[in-house]
Amino acid sequence: MQNLLLSVDRLSTLIGKVFSWTALVLTLMISWEVFSRYVLNKPHAWMLDFQIMMYGTLFMTAGAYTLSKNGHVRGDVLYGFFAPRTQASIDLVLYFVFFLPGITALTYAGWVYFGESLAIREQTFSAEPLPMYPFKFIIPLSGGILLLQGVVEIIRCIMCIRTGEWPSREEDVEEVDVEKLKEMVHVKDEDIQALDKYVTHEGASK
Amino acid sequence: MKIKKELWFGFSLMALIIAGALAMLIGAEKITNGHIGLLMLSLVVVAIMLGFPTAFTLMGMGMIFTWIAYEESTAKTLDLMVSSAFKVMSNDVLISIPLFVFMGYLVERANLIEKLFRSLHLALVRLPGALAVATLVTCAVFATATGIVGAVVTLMGLLALPQMLRAGYDVKMSAGAITAGGCLGILIPPSVMLIVYGATAGVSVVQLYAGAFFPGLMLAGLYIGYVIIIAKLKPHMAPPLSEAERYVPLPPLLEKVAPSHGARALPALLSALKGKRNQDVPTRYILKQFGIVLAPLVLFLLVAAWSYSSVTRVEPVEEAVALQAMGGDAAEEAVEEDEGGLQAPPGAEEDEAEAGRAGDVQEPPGAEAAKEPAAVEATKEATATAPAEPASTSKPAPTGYWIGVGAGAVALAAFYALLSFTRLEVFKMLLTSFFPLLVLILAVLGSIVMGLATPTEAAAVGALGGFLLAAAYKQLTLQVVKESVFLTAKTSAMVCWLFVGSAIFSAAFALLGGQELVEHWVMSMNLSKTEFLVLSQVIIFILGWPLEWTEIIVIFMPIFIPLLDNFGVDPLFFGLLVALNLQTAFLSPPVAMAAFYLKGVSPPHVTLNQIFAGMLPFMGIQVLAIILLYQFPAIGLWLPQVLYR
């Protein structure tokens, strides 16, 4: 079971990571466009549309990736203080109440939306038009993976309710990776421990 | 025991909200759709507090209530959902979020914070509470460039906290400086929070950036002022550093050249060039040092010349007059050659400098000569006759220009008068850590605020700058780029999916007519403008406890913004107040993230309570800043007004 869950995780992660390179593309393209417009005096009309598409693709497809790493922002005021079982029960109920209906509807509606766009071979409204339907396809695509990932998360909730602890996930880069940051500035755990004497000393003198 | 208290706090808050909603439903004569809208709003706050990912909570809740609002028409509901999602996907304001985030990760991984902190610390060593001030400045600069609160607080907790504790600083004071400083990046542009507010409220991000600049600086200034005052009044909380800690070792080659650490660097380097002392020191090395010493002068001259040519471009005739006057000054300059420091041929070619004194008379004439008064002033600042001369005999540029140049020249002269070898070393460190970041921030910000580039373009170029910075510090590996890219994707997904959810949610709220009800209700309270502002800020402050700033902005701003018109409040000004206010939320217990990050890397005996206690005075300063901004809106509105109205 765990293997199945992890392989879905990997799929979401893979898709998210592949599309996340659009961030780099975006950076380079816009920088080039800035150069082209201000220095070469040669702006491109399609560039703005292209930028928007890159950005939309970037965050939409990363939705499932983020979910697989438990990275979506949660209201943390109480959640962190619950026992894992309570956490899982709340999540399980809310996955059924909010997540599944919402994402299913979005995916379905997105598919219809894409179909309409494809039928008329829709293009952007610009002097140098780009095809619009691949961009609209991003909605059902991201919705679909998100749905799949959501099912995996639901199974995780059930497993957690049974065993009392959350099944493990694969590691990924984290925004605040304390170990890595320590290494970056060459601080070791012993150094921090050694500092304690200043703290306790101060407490004693008061 | 403690855990129970937290849960109790949260549950009672939830109960309060539900009770309020129920009371409203029962109190109403007839339950309209608007009431359902308000019910939805209270339910969503409760649901978010339960801890389910907020984006999906908003989306699900919004969908259910849209369906009710559309009288159970499924087709319409689906339409609304997909069009809301698509609106977020094609939002041309939010597009700068991934780019700024990307820039932040790259800058963070360039790993210059260690050097930055050390150099700032040494540069500020004479101030009372130098370490705490350096911490705040480092935080402000680094947090502004990266915008990642968690990483900044963690890094400073690793770097600055040990040093402050060892130097005998008060634990609370140290913790407060680190956490407060780390949060500055949320306010000082380019910050993601302002983009999110701009996208939600429909306020131009450019104006928000221009507006938030001075309040941000003011807040940082207030923090620093507070630290200095405390260090002066209660030296035991922030004792001055010992000589040993102030000592800056010179590189061995420089050691040979320097007569003493305190000696003035400029004349000493010059005499070294003449050949008496430099037997074992390669000339190239001295020239390099010399180039570094002269860099500010060259920069100053270039800026002066550039701005001179731009202010006088319209009046070419007068410029000629000016040039004559300056020619005279250049001659005077030759007389003064013993002073040293006149050897500032524009461009400061090293060989030219080596050529010695005679060179400076044959400086390129013509337009280049325009730079001269600066050099003259720089050295003759003591006599103070030179600045007056060019200004009085010819009036080629507005007085303001000369005042600016004069002030710059005086500052430059002071810089050279004070530039000892120790300070040269510190200056070199600043040059490789502080200034690159400052230039990056100012370039990004300046190009946005001056209208040279859109925020998106500036963000992209900023990200490119992040690349260059990482490359310059030899940190640019595939691994670093990969990590930054993936983190960017995750962070953007987090913020933007929240927007997808909230777009659906706000649409439902509007459809149900909740907005009208709120408006009706607020208007019936007969508030004055001040009362309204105070009330709204208090509400936002309270919401800051259970919710995160992203949630507050995307859910509640659409409700507040339409009300502003009734009270004649500028949405831009309101945004600045909100941004300052949400800053406080980062520092207010019990959910202050900054405190937990710091706790994670501090010695075991530093308690959370100590950290919270340390944050309190800084929170007070934030409240003071809000009041100041409210009393003197010009702090925030002056710059946008000058630039855009």
# chains A, B, ... in the order shown; residues from 1 in each chain; ligands from 1
>>> residues_around(residues="B:Val137", least_positions_apart="5", cutoff="9 Å", atoms="only C-alpha atoms", output="PyMOL selection string")
chain B and resi 117+120+132+142+181+220+224
>>> interface_residues(of="chain B", to="chain A", cutoff="7 Å", atoms="only C-alpha atoms", output="ChimeraX atom specification")
/B:3,7,10,48-54,56-57,59-61,63,78-79,81-82,89-90,92,95,98-99,111,114,150-151,155,158,162,165-166,171,457,460-461,463-464,483,485-487,489-490,492-494,496,546-547,591,602-606
>>> closest_residue(among="B:Gly501, B:Pro640, B:Pro190, B:Gly514", to="B:Thr550", atoms="only C-alpha atoms")
B:Gly501
>>> atom_distance(atom1="atom CA of B:Ile621", atom2="atom CA of B:Ser528")
25.9 Å
>>> residues_around(residues="B:His35", least_positions_apart="6", cutoff="12 Å", atoms="only C-alpha atoms", output="JSON, numbers by chain")
{"B": [21, 22, 23, 24, 25, 26, 27, 28, 29, 41, 42, 65, 69, 509, 510, 511, 512, 513, 514, 515, 516, 517, 518, 521]}
>>> residues_around(residues="B:Gly185", least_positions_apart="2", cutoff="9 Å", atoms="only C-alpha atoms", output="list in words")
Cys139, Ala140, Val141, Phe142, Ala143, Thr144, Ala145, Thr146, Gly147, Ile148, Val149, Gly181, Gly182, Cys183, Leu187, Ile188, Pro189, Pro190, Ser191 and Gly216 of chain B
>>> write_last_selection(atoms="N, CA, C and O atoms", output="tab-separated table (two decimals), in the first residue's frame")
chain	number	residue	atom	x	y	z
B	139	CYS	N	19.15	41.81	8.96
B	139	CYS	CA	17.82	41.25	8.74
B	139	CYS	C	17.06	42.07	7.72
B	139	CYS	O	16.47	41.52	6.80
B	140	ALA	N	17.09	43.39	7.90
B	140	ALA	CA	16.31	44.24	7.00
B	140	ALA	C	16.77	44.05	5.56
B	140	ALA	O	15.95	43.84	4.68
B	141	VAL	N	18.07	44.07	5.34
B	141	VAL	CA	18.58	43.97	3.98
B	141	VAL	C	18.32	42.57	3.42
B	141	VAL	O	17.79	42.40	2.32
B	142	PHE	N	18.66	41.57	4.20
B	142	PHE	CA	18.57	40.20	3.71
B	142	PHE	C	17.11	39.78	3.55
B	142	PHE	O	16.73	39.15	2.57
B	143	ALA	N	16.29	40.17	4.53
B	143	ALA	CA	14.88	39.79	4.45
B	143	ALA	C	14.20	40.50	3.30
B	143	ALA	O	13.32	39.95	2.66
B	144	THR	N	14.63	41.73	3.03
B	144	THR	CA	14.04	42.44	1.92
B	144	THR	C	14.37	41.75	0.60
B	144	THR	O	13.52	41.59	-0.26
B	145	ALA	N	15.62	41.33	0.48
B	145	ALA	CA	16.03	40.70	-0.77
B	145	ALA	C	15.43	39.31	-0.93
B	145	ALA	O	15.15	38.88	-2.04
B	146	THR	N	15.25	38.58	0.17
B	146	THR	CA	14.76	37.22	0.03
B	146	THR	C	13.27	37.10	0.32
B	146	THR	O	12.58	36.33	-0.33
B	147	GLY	N	12.79	37.83	1.31
B	147	GLY	CA	11.38	37.74	1.64
B	147	GLY	C	10.97	36.46	2.33
B	147	GLY	O	9.80	36.16	2.45
B	148	ILE	N	11.93	35.66	2.80
B	148	ILE	CA	11.60	34.38	3.43
B	148	ILE	C	11.82	34.52	4.93
B	148	ILE	O	12.95	34.41	5.41
B	149	VAL	N	10.76	34.76	5.67
B	149	VAL	CA	10.90	35.03	7.10
B	149	VAL	C	11.60	33.88	7.82
B	149	VAL	O	12.55	34.08	8.57
B	181	GLY	N	13.52	41.85	13.29
B	181	GLY	CA	14.24	42.16	12.06
B	181	GLY	C	13.85	41.22	10.93
B	181	GLY	O	13.68	41.63	9.79
B	182	GLY	N	13.70	39.93	11.27
B	182	GLY	CA	13.39	38.95	10.24
B	182	GLY	C	12.06	39.21	9.56
B	182	GLY	O	11.87	38.85	8.40
B	183	CYS	N	11.14	39.83	10.29
B	183	CYS	CA	9.82	40.07	9.73
B	183	CYS	C	9.76	41.33	8.87
B	183	CYS	O	8.76	41.57	8.20
B	187	LEU	N	7.29	43.67	4.89
B	187	LEU	CA	6.77	45.01	4.64
B	187	LEU	C	7.59	45.75	3.59
B	187	LEU	O	7.06	46.33	2.66
B	188	ILE	N	8.91	45.75	3.78
B	188	ILE	CA	9.74	46.56	2.89
B	188	ILE	C	9.68	45.96	1.49
B	188	ILE	O	9.96	44.79	1.31
B	189	PRO	N	9.28	46.73	0.51
B	189	PRO	CA	9.22	46.19	-0.84
B	189	PRO	C	10.61	45.84	-1.36
B	189	PRO	O	11.58	46.42	-0.86
B	190	PRO	N	10.76	44.95	-2.31
B	190	PRO	CA	9.71	44.21	-3.00
B	190	PRO	C	9.20	43.05	-2.17
B	190	PRO	O	9.93	42.08	-1.97
B	191	SER	N	7.99	43.14	-1.69
B	191	SER	CA	7.49	42.06	-0.86
B	191	SER	C	6.28	41.41	-1.52
B	191	SER	O	5.53	42.06	-2.24
B	216	GLY	N	8.35	51.30	5.72
B	216	GLY	CA	9.25	50.19	6.02
B	216	GLY	C	10.55	50.68	6.63
B	216	GLY	O	11.01	50.17	7.65
>>> closest_residue(among="A:Asn3, A:Ser68, A:Ile120, A:Pro43", to="A:Ile154", atoms="only C-alpha atoms")
A:Ser68
>>> residues_around(residues="B:Tyr105", least_positions_apart="4", cutoff="7 Å", atoms="only C-alpha atoms", output="PDB file with N, CA and C atoms, in the first residue's frame")
ATOM      1  N   VAL B 101       9.752  35.317  -5.671  1.00  0.00           N
ATOM      2  CA  VAL B 101      10.071  34.183  -4.798  1.00  0.00           C
ATOM      3  C   VAL B 101      11.353  33.504  -5.278  1.00  0.00           C
ATOM      4  N   ARG B 109      20.429  31.393  -1.233  1.00  0.00           N
ATOM      5  CA  ARG B 109      21.419  30.352  -1.426  1.00  0.00           C
ATOM      6  C   ARG B 109      22.765  30.889  -1.884  1.00  0.00           C
ATOM      7  N   THR B 146      15.253  38.582   0.174  1.00  0.00           N
ATOM      8  CA  THR B 146      14.760  37.215   0.030  1.00  0.00           C
ATOM      9  C   THR B 146      13.272  37.101   0.316  1.00  0.00           C
ATOM     10  N   SER B 484      15.988  25.798  -5.893  1.00  0.00           N
ATOM     11  CA  SER B 484      15.287  27.079  -5.939  1.00  0.00           C
ATOM     12  C   SER B 484      14.056  26.985  -6.833  1.00  0.00           C
TER      13      SER B 484
END
>>> residues_around(residues="A:Pro131", least_positions_apart="5", cutoff="10 Å", atoms="only C-alpha atoms", output="number ranges by chain")
A: 117-118, 121-125, 136
>>> write_last_selection(atoms="C-alpha atoms", output="PDB file, in the first residue's frame")
ATOM      1  CA  SER A 117     -11.766  26.222 -26.655  1.00  0.00           C
ATOM      2  CA  LEU A 118     -10.356  23.371 -28.712  1.00  0.00           C
ATOM      3  CA  ARG A 121      -9.177  26.547 -32.046  1.00  0.00           C
ATOM      4  CA  GLU A 122      -9.229  29.558 -29.763  1.00  0.00           C
ATOM      5  CA  GLN A 123      -6.349  32.024 -29.948  1.00  0.00           C
ATOM      6  CA  THR A 124      -5.139  34.844 -27.759  1.00  0.00           C
ATOM      7  CA  PHE A 125      -6.361  38.329 -28.498  1.00  0.00           C
ATOM      8  CA  LYS A 136      -6.884  25.863 -20.894  1.00  0.00           C
TER       9      LYS A 136
END
>>> select_by_dssp(residues="chain A", states="helix (DSSP H, G or I)", output="number ranges by chain")
A: 2-20, 22-38, 46-68, 76-79, 84-119, 133-163, 178-184, 189-205
>>> atom_distance(atom1="atom CA of B:Ser506", atom2="atom CA of B:Phe102")
28.7 Å
>>> residues_around(residues="stretch 568-580 of chain B", least_positions_apart="4", cutoff="8 Å", atoms="only C-alpha atoms", output="ChimeraX atom specification")
/B:187,193-194,197,201,203,207-208,211-212,529,537,540,561,564,584,622,625-626,629-630,633,636-637
>>> atom_distance(atom1="atom CA of B:Val107", atom2="atom CA of B:Gly221")
23.8 Å
